[in-house]
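The file input.json contains JSON, C-alpha atoms:
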```json
[["chain", "number", "residue", "atom", "x", "y", "z"],
["M", 1, "MET", "CA", -65.66, 74.06, 14.22],
["M", 2, "THR", "CA", -62.55, 73.04, 12.29],
["M", 3, "PRO", "CA", -61.60, 75.43, 9.47],
["M", 4, "ILE", "CA", -61.67, 73.64, 6.11],
["M", 5, "PHE", "CA", -60.00, 75.03, 2.98],
["M", 6, "PHE", "CA", -60.29, 73.66, -0.53],
["M", 7, "VAL", "CA", -57.11, 73.69, -2.64],
["M", 8, "THR", "CA", -57.74, 74.01, -6.36],
["M", 9, "GLY", "CA", -55.44, 74.81, -9.25],
["M", 10, "THR", "CA", -55.55, 76.89, -12.38],
["M", 11, "ASP", "CA", -54.67, 73.71, -14.29],
["M", 12, "THR", "CA", -53.35, 70.23, -13.72],
["M", 13, "GLY", "CA", -49.69, 69.85, -12.79],
["M", 14, "VAL", "CA", -49.38, 73.24, -11.09],
["M", 15, "GLY", "CA", -48.10, 71.68, -7.87],
["M", 16, "LYS", "CA", -51.28, 71.49, -5.78],
["M", 17, "THR", "CA", -50.09, 68.41, -3.92],
["M", 18, "ALA", "CA", -46.63, 69.82, -3.20],
["M", 19, "VAL", "CA", -48.10, 73.10, -1.97],
["M", 20, "THR", "CA", -50.76, 71.34, 0.10],
["M", 21, "CYS", "CA", -48.16, 69.13, 1.76],
["M", 22, "ALA", "CA", -45.92, 72.14, 2.42],
["M", 23, "LEU", "CA", -48.82, 73.94, 4.08],
["M", 24, "VAL", "CA", -49.60, 70.91, 6.24],
["M", 25, "ARG", "CA", -45.98, 70.66, 7.33],
["M", 26, "THR", "CA", -45.66, 74.35, 8.21],
["M", 27, "LEU", "CA", -48.99, 74.27, 10.07],
["M", 28, "ILE", "CA", -47.80, 71.30, 12.12],
["M", 29, "GLN", "CA", -44.51, 73.10, 12.77],
["M", 30, "SER", "CA", -46.52, 76.00, 14.22],
["M", 31, "GLY", "CA", -48.34, 73.68, 16.62],
["M", 32, "CYS", "CA", -51.55, 72.92, 14.70],
["M", 33, "ARG", "CA", -53.04, 69.52, 14.17],
["M", 34, "ALA", "CA", -53.24, 69.71, 10.38],
["M", 35, "ARG", "CA", -53.77, 67.25, 7.58],
["M", 36, "ALA", "CA", -54.99, 67.10, 4.00],
["M", 37, "VAL", "CA", -57.29, 64.73, 2.17],
["M", 38, "LYS", "CA", -57.92, 64.11, -1.51],
["M", 39, "PRO", "CA", -61.37, 62.53, -1.87],
["M", 40, "ILE", "CA", -60.90, 61.51, -5.51],
["M", 41, "GLU", "CA", -57.64, 60.79, -7.29],
["M", 42, "SER", "CA", -57.20, 59.64, -10.88],
["M", 43, "GLY", "CA", -53.98, 58.51, -12.54],
["M", 44, "CYS", "CA", -53.18, 56.03, -9.76],
["M", 45, "ALA", "CA", -50.50, 53.48, -10.61],
["M", 46, "MET", "CA", -51.08, 49.77, -10.03],
["M", 47, "ASP", "CA", -48.64, 48.06, -7.66],
["M", 48, "ALA", "CA", -47.40, 44.48, -7.86],
["M", 49, "ALA", "CA", -50.31, 43.30, -5.73],
["M", 50, "GLY", "CA", -52.80, 44.81, -8.17],
["M", 51, "GLU", "CA", -53.79, 47.68, -5.87],
["M", 52, "LEU", "CA", -54.09, 51.26, -7.08],
["M", 53, "GLN", "CA", -51.63, 53.53, -5.30],
["M", 54, "PRO", "CA", -52.76, 57.19, -5.01],
["M", 55, "ALA", "CA", -49.51, 59.18, -4.99],
["M", 56, "ASP", "CA", -51.13, 62.42, -3.84],
["M", 57, "ALA", "CA", -53.06, 60.90, -0.94],
["M", 58, "LEU", "CA", -49.94, 59.00, 0.12],
["M", 59, "ALA", "CA", -48.02, 62.29, 0.12],
["M", 60, "HIS", "CA", -50.70, 63.89, 2.28],
["M", 61, "ARG", "CA", -50.53, 61.09, 4.81],
["M", 62, "ARG", "CA", -46.74, 61.30, 4.92],
["M", 63, "ALA", "CA", -46.72, 65.12, 5.26],
["M", 64, "ALA", "CA", -48.95, 64.85, 8.33],
["M", 65, "GLY", "CA", -46.77, 62.12, 9.85],
["M", 66, "LEU", "CA", -49.78, 59.79, 9.96],
["M", 67, "GLU", "CA", -48.44, 56.78, 8.08],
["M", 68, "HIS", "CA", -49.96, 54.53, 10.76],
["M", 69, "LEU", "CA", -53.48, 55.49, 9.67],
["M", 70, "PRO", "CA", -55.31, 53.58, 6.91],
["M", 71, "LEU", "CA", -55.11, 55.25, 3.53],
["M", 72, "GLU", "CA", -58.92, 55.25, 3.40],
["M", 73, "ARG", "CA", -58.81, 58.11, 5.92],
["M", 74, "PHE", "CA", -57.23, 60.29, 3.22],
["M", 75, "ILE", "CA", -58.99, 59.23, 0.01],
["M", 76, "ARG", "CA", -62.33, 57.74, -1.00],
["M", 77, "TYR", "CA", -62.00, 56.95, -4.73],
["M", 78, "ARG", "CA", -58.92, 55.72, -6.59],
["M", 79, "LEU", "CA", -59.00, 55.68, -10.40],
["M", 80, "ALA", "CA", -56.39, 54.32, -12.77],
["M", 81, "GLU", "CA", -56.58, 56.44, -15.90],
["M", 82, "PRO", "CA", -55.04, 59.94, -15.82],
["M", 83, "LEU", "CA", -58.24, 61.69, -16.85],
["M", 84, "ALA", "CA", -60.79, 64.01, -15.27],
["M", 85, "PRO", "CA", -62.19, 61.97, -12.36],
["M", 86, "ALA", "CA", -65.73, 61.75, -13.72],
["M", 87, "VAL", "CA", -64.44, 60.55, -17.09],
["M", 88, "ALA", "CA", -62.00, 58.05, -15.53],
["M", 89, "ALA", "CA", -64.83, 56.77, -13.33],
["M", 90, "GLU", "CA", -67.17, 56.36, -16.31],
["M", 91, "ARG", "CA", -64.56, 54.37, -18.18],
["M", 92, "ALA", "CA", -63.90, 52.20, -15.12],
["M", 93, "GLY", "CA", -67.58, 51.60, -14.38],
["M", 94, "VAL", "CA", -67.29, 53.40, -11.03],
["M", 95, "THR", "CA", -70.02, 55.63, -9.62],
["M", 96, "ILE", "CA", -68.62, 58.55, -7.63],
["M", 97, "GLU", "CA", -70.91, 59.65, -4.82],
["M", 98, "LEU", "CA", -70.12, 63.14, -3.57],
["M", 99, "GLU", "CA", -71.89, 62.33, -0.30],
["M", 100, "ALA", "CA", -69.18, 59.75, 0.40],
["M", 101, "CYS", "CA", -66.55, 62.43, -0.28],
["M", 102, "LEU", "CA", -68.30, 64.83, 2.09],
["M", 103, "GLU", "CA", -68.29, 62.16, 4.80],
["M", 104, "LEU", "CA", -64.54, 61.69, 4.35],
["M", 105, "VAL", "CA", -63.96, 65.43, 4.76],
["M", 106, "GLN", "CA", -66.19, 65.69, 7.82],
["M", 107, "SER", "CA", -64.50, 62.72, 9.51],
["M", 108, "ALA", "CA", -61.03, 64.16, 8.92],
["M", 109, "ALA", "CA", -62.12, 67.62, 10.08],
["M", 110, "ALA", "CA", -63.29, 66.19, 13.40],
["M", 111, "GLU", "CA", -59.72, 65.11, 14.13],
["M", 112, "THR", "CA", -57.79, 68.23, 13.12],
["M", 113, "ASP", "CA", -57.38, 71.95, 13.83],
["M", 114, "VAL", "CA", -57.06, 72.84, 10.12],
["M", 115, "LEU", "CA", -58.05, 70.62, 7.19],
["M", 116, "LEU", "CA", -57.05, 71.06, 3.56],
["M", 117, "VAL", "CA", -59.05, 69.32, 0.82],
["M", 118, "GLU", "CA", -57.19, 68.92, -2.45],
["M", 119, "GLY", "CA", -59.20, 68.88, -5.66],
["M", 120, "ALA", "CA", -58.41, 67.45, -9.08],
["M", 121, "GLY", "CA", -57.08, 69.74, -11.80],
["M", 122, "GLY", "CA", -58.90, 73.05, -12.06],
["M", 123, "LEU", "CA", -62.17, 74.52, -10.91],
["M", 124, "LEU", "CA", -64.41, 73.25, -13.71],
["M", 125, "VAL", "CA", -63.02, 69.73, -14.04],
["M", 126, "PRO", "CA", -65.84, 67.12, -14.10],
["M", 127, "LEU", "CA", -65.65, 65.36, -10.74],
["M", 128, "ALA", "CA", -68.72, 63.13, -10.66],
["M", 129, "GLY", "CA", -71.73, 62.19, -12.78],
["M", 130, "THR", "CA", -71.85, 61.10, -16.42],
["M", 131, "ALA", "CA", -72.38, 62.59, -19.85],
["M", 132, "GLY", "CA", -75.91, 61.21, -19.75],
["M", 133, "THR", "CA", -76.94, 62.42, -16.29],
["M", 134, "GLY", "CA", -74.85, 65.58, -16.24],
["M", 135, "TYR", "CA", -71.50, 66.28, -14.64],
["M", 136, "GLN", "CA", -70.74, 67.83, -11.27],
["M", 137, "THR", "CA", -67.57, 69.87, -11.26],
["M", 138, "VAL", "CA", -64.94, 70.65, -8.66],
["M", 139, "ALA", "CA", -66.69, 73.99, -8.16],
["M", 140, "ASP", "CA", -69.97, 72.18, -7.43],
["M", 141, "PHE", "CA", -68.21, 70.11, -4.77],
["M", 142, "ILE", "CA", -66.69, 73.23, -3.20],
["M", 143, "ALA", "CA", -70.19, 74.71, -3.00],
["M", 144, "ARG", "CA", -71.39, 71.55, -1.25],
["M", 145, "LEU", "CA", -68.54, 71.83, 1.26],
["M", 146, "GLY", "CA", -69.25, 75.51, 1.85],
["M", 147, "CYS", "CA", -65.60, 76.28, 2.57],
["M", 148, "PRO", "CA", -63.15, 78.94, 1.28],
["M", 149, "THR", "CA", -60.85, 78.11, -1.62],
["M", 150, "LEU", "CA", -57.10, 78.51, -2.00],
["M", 151, "VAL", "CA", -55.84, 78.67, -5.59],
["M", 152, "VAL", "CA", -52.45, 77.29, -6.67],
["M", 153, "ALA", "CA", -50.99, 78.59, -9.95],
["M", 154, "ARG", "CA", -47.77, 78.18, -11.90],
["M", 155, "ALA", "CA", -45.40, 81.14, -11.80],
["M", 156, "ARG", "CA", -44.97, 81.49, -15.53],
["M", 157, "LEU", "CA", -46.31, 83.13, -18.69],
["M", 158, "GLY", "CA", -50.09, 82.69, -18.82],
["M", 159, "THR", "CA", -50.50, 82.86, -15.06],
["M", 160, "LEU", "CA", -52.37, 86.16, -15.07],
["M", 161, "ASN", "CA", -55.09, 84.93, -17.41],
["M", 162, "HIS", "CA", -55.46, 81.55, -15.68],
["M", 163, "VAL", "CA", -55.64, 83.04, -12.19],
["M", 164, "LEU", "CA", -58.09, 85.77, -13.14],
["M", 165, "LEU", "CA", -60.39, 83.32, -14.93],
["M", 166, "THR", "CA", -60.41, 81.08, -11.85],
["M", 167, "TRP", "CA", -60.84, 84.02, -9.48],
["M", 168, "ASN", "CA", -63.73, 85.46, -11.48],
["M", 169, "GLU", "CA", -65.51, 82.11, -11.72],
["M", 170, "LEU", "CA", -65.28, 81.63, -7.97],
["M", 171, "HIS", "CA", -66.80, 85.05, -7.42],
["M", 172, "ARG", "CA", -69.47, 84.48, -10.08],
["M", 173, "ARG", "CA", -70.56, 81.41, -8.14],
["M", 174, "GLY", "CA", -70.43, 83.22, -4.82],
["M", 175, "LEU", "CA", -67.61, 80.99, -3.53],
["M", 176, "PRO", "CA", -65.17, 82.73, -1.14],
["M", 177, "CYS", "CA", -61.47, 82.60, -2.03],
["M", 178, "VAL", "CA", -58.65, 83.09, 0.47],
["M", 179, "GLY", "CA", -56.09, 83.94, -2.19],
["M", 180, "VAL", "CA", -53.49, 82.56, -4.56],
["M", 181, "ILE", "CA", -50.16, 80.80, -4.09],
["M", 182, "LEU", "CA", -47.73, 81.11, -7.01],
["M", 183, "ASN", "CA", -45.63, 77.99, -7.37],
["M", 184, "ASP", "CA", -42.45, 77.98, -9.44],
["M", 185, "THR", "CA", -42.55, 74.74, -11.45],
["M", 186, "ASP", "CA", -39.79, 75.60, -13.94],
["M", 187, "ALA", "CA", -36.07, 75.83, -13.19],
["M", 188, "GLU", "CA", -35.55, 78.54, -15.80],
["M", 189, "ALA", "CA", -36.90, 81.87, -14.57],
["M", 190, "GLY", "CA", -38.73, 84.17, -17.01],
["M", 191, "LEU", "CA", -39.28, 87.90, -16.88],
["M", 192, "GLU", "CA", -43.00, 87.40, -16.25],
["M", 193, "ARG", "CA", -42.27, 86.08, -12.75],
["M", 194, "GLU", "CA", -41.09, 89.49, -11.64],
["M", 195, "ASP", "CA", -44.53, 91.00, -12.22],
["M", 196, "ASN", "CA", -47.17, 88.27, -11.75],
["M", 197, "ALA", "CA", -47.80, 88.95, -8.07],
["M", 198, "ARG", "CA", -47.79, 92.74, -8.49],
["M", 199, "VAL", "CA", -50.28, 92.65, -11.37],
["M", 200, "LEU", "CA", -52.58, 90.15, -9.67],
["M", 201, "ARG", "CA", -52.71, 92.34, -6.57],
["M", 202, "ALA", "CA", -53.64, 95.27, -8.79],
["M", 203, "PHE", "CA", -56.68, 93.24, -9.85],
["M", 204, "GLY", "CA", -57.58, 92.72, -6.19],
["M", 205, "VAL", "CA", -56.31, 89.13, -5.98],
["M", 206, "PRO", "CA", -54.46, 88.38, -2.71],
["M", 207, "VAL", "CA", -51.16, 86.64, -3.44],
["M", 208, "LEU", "CA", -50.35, 84.76, -0.24],
["M", 209, "ALA", "CA", -47.03, 83.24, -1.27],
["M", 210, "GLU", "CA", -44.48, 82.93, -4.06],
["M", 211, "LEU", "CA", -42.76, 79.58, -3.74],
["M", 212, "PRO", "CA", -39.33, 78.91, -5.23],
["M", 213, "TYR", "CA", -38.49, 76.09, -7.62],
["M", 214, "GLY", "CA", -37.77, 72.88, -5.72],
["M", 215, "MET", "CA", -39.61, 73.99, -2.58],
["M", 216, "THR", "CA", -40.82, 70.44, -1.93],
["M", 217, "HIS", "CA", -37.34, 69.58, -0.65],
["M", 218, "LEU", "CA", -37.30, 72.32, 1.98],
["M", 219, "GLU", "CA", -37.74, 71.67, 5.68],
["M", 220, "PRO", "CA", -40.73, 73.25, 7.49],
["M", 221, "TYR", "CA", -38.55, 75.94, 9.10],
["M", 222, "GLN", "CA", -37.22, 76.82, 5.62],
["M", 223, "LEU", "CA", -40.75, 77.01, 4.21],
["M", 224, "GLU", "CA", -41.99, 79.34, 6.95],
["M", 225, "PRO", "CA", -40.65, 82.59, 5.40],
["M", 226, "TYR", "CA", -42.53, 81.78, 2.19],
["M", 227, "LEU", "CA", -45.73, 80.46, 3.75],
["M", 228, "SER", "CA", -46.12, 82.58, 6.89],
["M", 229, "ASP", "CA", -48.87, 84.77, 5.39],
["M", 230, "ALA", "CA", -50.76, 81.76, 4.04],
["M", 231, "ARG", "CA", -50.43, 79.98, 7.40],
["M", 232, "ARG", "CA", -51.83, 83.01, 9.21],
["M", 233, "TYR", "CA", -54.84, 83.15, 6.90],
["M", 234, "LEU", "CA", -55.51, 79.44, 7.43],
["M", 235, "THR", "CA", -55.33, 79.78, 11.21],
["M", 236, "GLY", "CA", -57.63, 82.80, 11.39],
["M", 237, "ASN", "CA", -54.93, 85.38, 12.05],
["M", 238, "PRO", "CA", -54.41, 87.15, 8.69],
["M", 239, "PRO", "CA", -51.56, 89.64, 8.36],
["M", 240, "PRO", "CA", -52.52, 93.33, 8.50]]
```
What would you get if you wrote out this structure as structure tokens?
Amino acid sequence: MTPIFFVTGTDTGVGKTAVTCALVRTLIQSGCRARAVKPIESGCAMDAAGELQPADALAHRRAAGLEHLPLERFIRYRLAEPLAPAVAAERAGVTIELEACLELVQSAAAETDVLLVEGAGGLLVPLAGTAGTGYQTVADFIARLGCPTLVVARARLGTLNHVLLTWNELHRRGLPCVGVILNDTDAEAGLEREDNARVLRAFGVPVLAELPYGMTHLEPYQLEPYLSDARRYLTGNPPP
């Protein structure tokens, strides 16, 4: 059975897509058939032909070197407004069916050795449903998938609180978490970056990688020193 991992963030804009693509590339470099999917993406820009272009799903397809495949193999719902998916869907008159998202994940998993599923924003972002019927969150979808979670966080002030809140909520819900990847999204380094990983580990949170600023431009062989521990966890061979 193909290992599936859900990639969530402590917030929006923490670099989930960049990290997910980097993981796919380093997995492929190591000989795995790997890819990522993003079942629901909001904030899609409209192209000249009037079609919504999902930047994250396009990046996933490109990272896996599968540009020849239809984009529908990487995404199920595209939404225009840059809002929580359930809210963007409500405003667009779209009904998001999580069963359709599950089918997308299962189809992709059947064709890969390792599959990453990227979420939207953080753990409690409304993903489907309405204000009237009740919302289903990213965490609810993870529970439906029944797969471990990988958390991506910014390497900056506030990281400790954001990571620990996410970590504790995952455990409160009984959802397994592989660990955390700290992603440097700011060119100017702060003192807090020297201690984030050390303090998180003291709380029992596995920090699998600390990625440098601008890591999206690195080649797979350059990423390997940063992502080797994460890659080993994802392929069932965790470091001692």
Can you write out as CSV which residues of region 53-126 of chain M fall within 12 Å of region 211-227 of chain M, alongside each residue's closest atom pair and its distance in Å to one decimal, counting all atoms listed in the file and ordering rows by chain and ascending residue number?
```
residue,atom,partner,partner_atom,distance
M:Ala59,CA,M:Thr216,CA,11.1
M:Ala63,CA,M:Pro220,CA,10.3
M:Ala64,CA,M:Pro220,CA,11.8
```
Distance CA of Ala49 (chain M)-CA of Pro82 (chain M), one decimal place?
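So the answer is 20.0 Å.
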Could you list, with a cut-off of 8 Å and counting all atoms listed in the file, the residues of region 116-135 of chain M near region 87-103 of chain M, each shown with its nearest atom pair and the distance in Å rounded to one decimal, rows sorted by chain and ascending number, as a Markdown table?
```
| residue | atom | partner | partner_atom | distance |
| --- | --- | --- | --- | --- |
| M:Pro126 | CA | M:Val87 | CA | 7.4 |
| M:Ala128 | CA | M:Ile96 | CA | 5.5 |
| M:Gly129 | CA | M:Ile96 | CA | 7.0 |
| M:Thr130 | CA | M:Glu90 | CA | 6.7 |
```
So that I have them on file, write out the residues from the current selection with C-alpha atoms, as an mmCIF file, in the frame of the given file.
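Everything below was put into out-v7.cif:
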```cif
data_model
loop_
_atom_site.group_PDB
_atom_site.id
_atom_site.type_symbol
_atom_site.label_atom_id
_atom_site.label_comp_id
_atom_site.auth_asym_id
_atom_site.auth_seq_id
_atom_site.Cartn_x
_atom_site.Cartn_y
_atom_site.Cartn_z
ATOM 1 C CA PRO M 126 -65.840 67.120 -14.100
ATOM 2 C CA ALA M 128 -68.720 63.130 -10.660
ATOM 3 C CA GLY M 129 -71.730 62.190 -12.780
ATOM 4 C CA THR M 130 -71.850 61.100 -16.420
#
```
Any idea what's packed within 8 Å of Trp167 (chain M), counting all atoms listed in the file, ignoring anything in its chain fewer than 4 positions away? Could you give it as a short mmCIF file (atom, residue, chain, number, x, y, z; two decimals) with C-alpha atoms, keeping the file's coordinate frame?
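Output below, filename out.cif:
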```cif
data_model
loop_
_atom_site.label_atom_id
_atom_site.label_comp_id
_atom_site.auth_asym_id
_atom_site.auth_seq_id
_atom_site.Cartn_x
_atom_site.Cartn_y
_atom_site.Cartn_z
CA VAL M 163 -55.64 83.04 -12.19
CA HIS M 171 -66.80 85.05 -7.42
CA CYS M 177 -61.47 82.60 -2.03
CA VAL M 205 -56.31 89.13 -5.98
#
```
Please produce, as a Markdown table, a per-residue contact table for region 62-175 of chain M versus region 9-15 of chain M (criterion: any atom at most 8 Å away, all atoms listed in the file considered), showing the nearest atom pair and its distance in Å to one decimal, sorted by chain then residue number.
```
| residue | atom | partner | partner_atom | distance |
| --- | --- | --- | --- | --- |
| M:Gly119 | CA | M:Gly9 | CA | 7.9 |
| M:Ala120 | CA | M:Thr12 | CA | 7.4 |
| M:Gly121 | CA | M:Thr12 | CA | 4.2 |
| M:Gly122 | CA | M:Gly9 | CA | 4.8 |
| M:Leu123 | CA | M:Gly9 | CA | 6.9 |
| M:Val151 | CA | M:Gly9 | CA | 5.3 |
| M:Val152 | CA | M:Gly9 | CA | 4.7 |
| M:Ala153 | CA | M:Thr10 | CA | 5.4 |
| M:Arg154 | CA | M:Val14 | CA | 5.3 |
| M:His162 | CA | M:Thr10 | CA | 5.7 |
| M:Val163 | CA | M:Thr10 | CA | 6.2 |
| M:Thr166 | CA | M:Thr10 | CA | 6.4 |
```
What does the distance from CA of Val180 (chain M) to CA of Ser30 (chain M) come to in Å, to one decimal?
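Those two atoms sit 21.1 Å apart.
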Just the residues within 8 Å of Val7 (chain M), please, counting all atoms listed in the file, with nothing from its chain fewer than 6 positions along; format it as JSON, numbers by chain.
{"M": [16, 20, 116, 117, 118, 119, 149, 150, 151, 152]}
Rounded to one decimal, what separation in Å do you get between CA of Ala230 (chain M) and CA of Glu169 (chain M)?
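Between CA of Ala230 (chain M) and CA of Glu169 (chain M) the gap works out to 21.6 Å.
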Would you kindly return, as number ranges by chain, each protein, DNA or RNA residue with an atom no farther than 7 Å from any atom of Gly43 (chain M), considering all atoms listed in the file and excluding same-chain residues fewer than 4 positions away?
M: 79-83
Nearest to Gly179 (chain M), chosen from M:Asp140, M:Glu194, M:Glu41, M:Asp229, with all atoms listed in the file counted in the distances:
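Nearest candidate to Gly179 (chain M) out of M:Asp140, M:Glu194, M:Glu41, M:Asp229: M:Asp229.
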Determine the nearest neighbour of Val199 (chain M) from the options M:Thr159, M:Asn237, M:Ser107, M:Thr137, counting only C-alpha atoms.
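For Val199 (chain M), the nearest of the given residues is M:Thr159.
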Find, counting all atoms listed in the file, the residue in M:Ala18, M:Leu160, M:Met46, M:Ala84 that gets nearest to Arg201 (chain M).
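The answer is M:Leu160, which sits nearest to Arg201 (chain M).
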From M:Val24, M:Leu127, M:Met1, M:Leu157, residue lying nearest Leu182 (chain M) [only C-alpha atoms]:
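So, comparing all the options, the nearest one is M:Leu157.
Of the residues under consideration (M:Val125, M:Leu52, M:Ala139, M:Leu200), M:Leu200 shows the shortest atom-to-atom contact distance to Asn161 (chain M) when counting all atoms listed in the file.
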Near Arg232 (chain M), within 10 Å and counting all atoms listed in the file, which residues show up once chain neighbours fewer than 6 positions away are dropped, as an NGL selection string?
:M and (27 or 208 or 238-239)
M:Asp186, M:Gly158, M:Gly174, M:Leu164: which is nearest Pro206 (chain M), counting all atoms listed in the file?
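Ranking M:Asp186, M:Gly158, M:Gly174, M:Leu164 by distance to Pro206 (chain M), first place goes to M:Leu164.
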Once N, CA and C atoms are restored for region 110-122 of chain M, what would the output be as a short mmCIF file (atom, residue, chain, number, x, y, z; two decimals), keeping the file's coordinate frame?
```cif
data_model
loop_
_atom_site.label_atom_id
_atom_site.label_comp_id
_atom_site.auth_asym_id
_atom_site.auth_seq_id
_atom_site.Cartn_x
_atom_site.Cartn_y
_atom_site.Cartn_z
N ALA M 110 -63.02 66.42 11.97
CA ALA M 110 -63.29 66.19 13.40
C ALA M 110 -62.03 65.86 14.18
N GLU M 111 -60.95 65.53 13.47
CA GLU M 111 -59.72 65.11 14.13
C GLU M 111 -58.58 66.11 13.97
N THR M 112 -58.86 67.29 13.42
CA THR M 112 -57.79 68.23 13.12
C THR M 112 -58.17 69.64 13.56
N ASP M 113 -57.16 70.52 13.58
CA ASP M 113 -57.38 71.95 13.83
C ASP M 113 -57.58 72.71 12.52
N VAL M 114 -56.91 72.26 11.46
CA VAL M 114 -57.06 72.84 10.12
C VAL M 114 -57.02 71.68 9.12
N LEU M 115 -57.99 71.67 8.20
CA LEU M 115 -58.05 70.62 7.19
C LEU M 115 -57.99 71.23 5.80
N LEU M 116 -57.12 70.68 4.96
CA LEU M 116 -57.05 71.06 3.56
C LEU M 116 -57.64 69.94 2.71
N VAL M 117 -58.44 70.30 1.73
CA VAL M 117 -59.05 69.32 0.82
C VAL M 117 -58.53 69.61 -0.57
N GLU M 118 -57.76 68.69 -1.12
CA GLU M 118 -57.19 68.92 -2.45
C GLU M 118 -58.14 68.42 -3.53
N GLY M 119 -58.36 69.25 -4.53
CA GLY M 119 -59.20 68.88 -5.66
C GLY M 119 -58.40 68.19 -6.76
N ALA M 120 -59.04 68.08 -7.92
CA ALA M 120 -58.41 67.45 -9.08
C ALA M 120 -58.38 68.47 -10.21
N GLY M 121 -57.18 68.79 -10.71
CA GLY M 121 -57.08 69.74 -11.80
C GLY M 121 -57.60 71.11 -11.39
N GLY M 122 -58.38 71.72 -12.29
CA GLY M 122 -58.90 73.05 -12.06
C GLY M 122 -60.34 73.07 -11.60
#
```
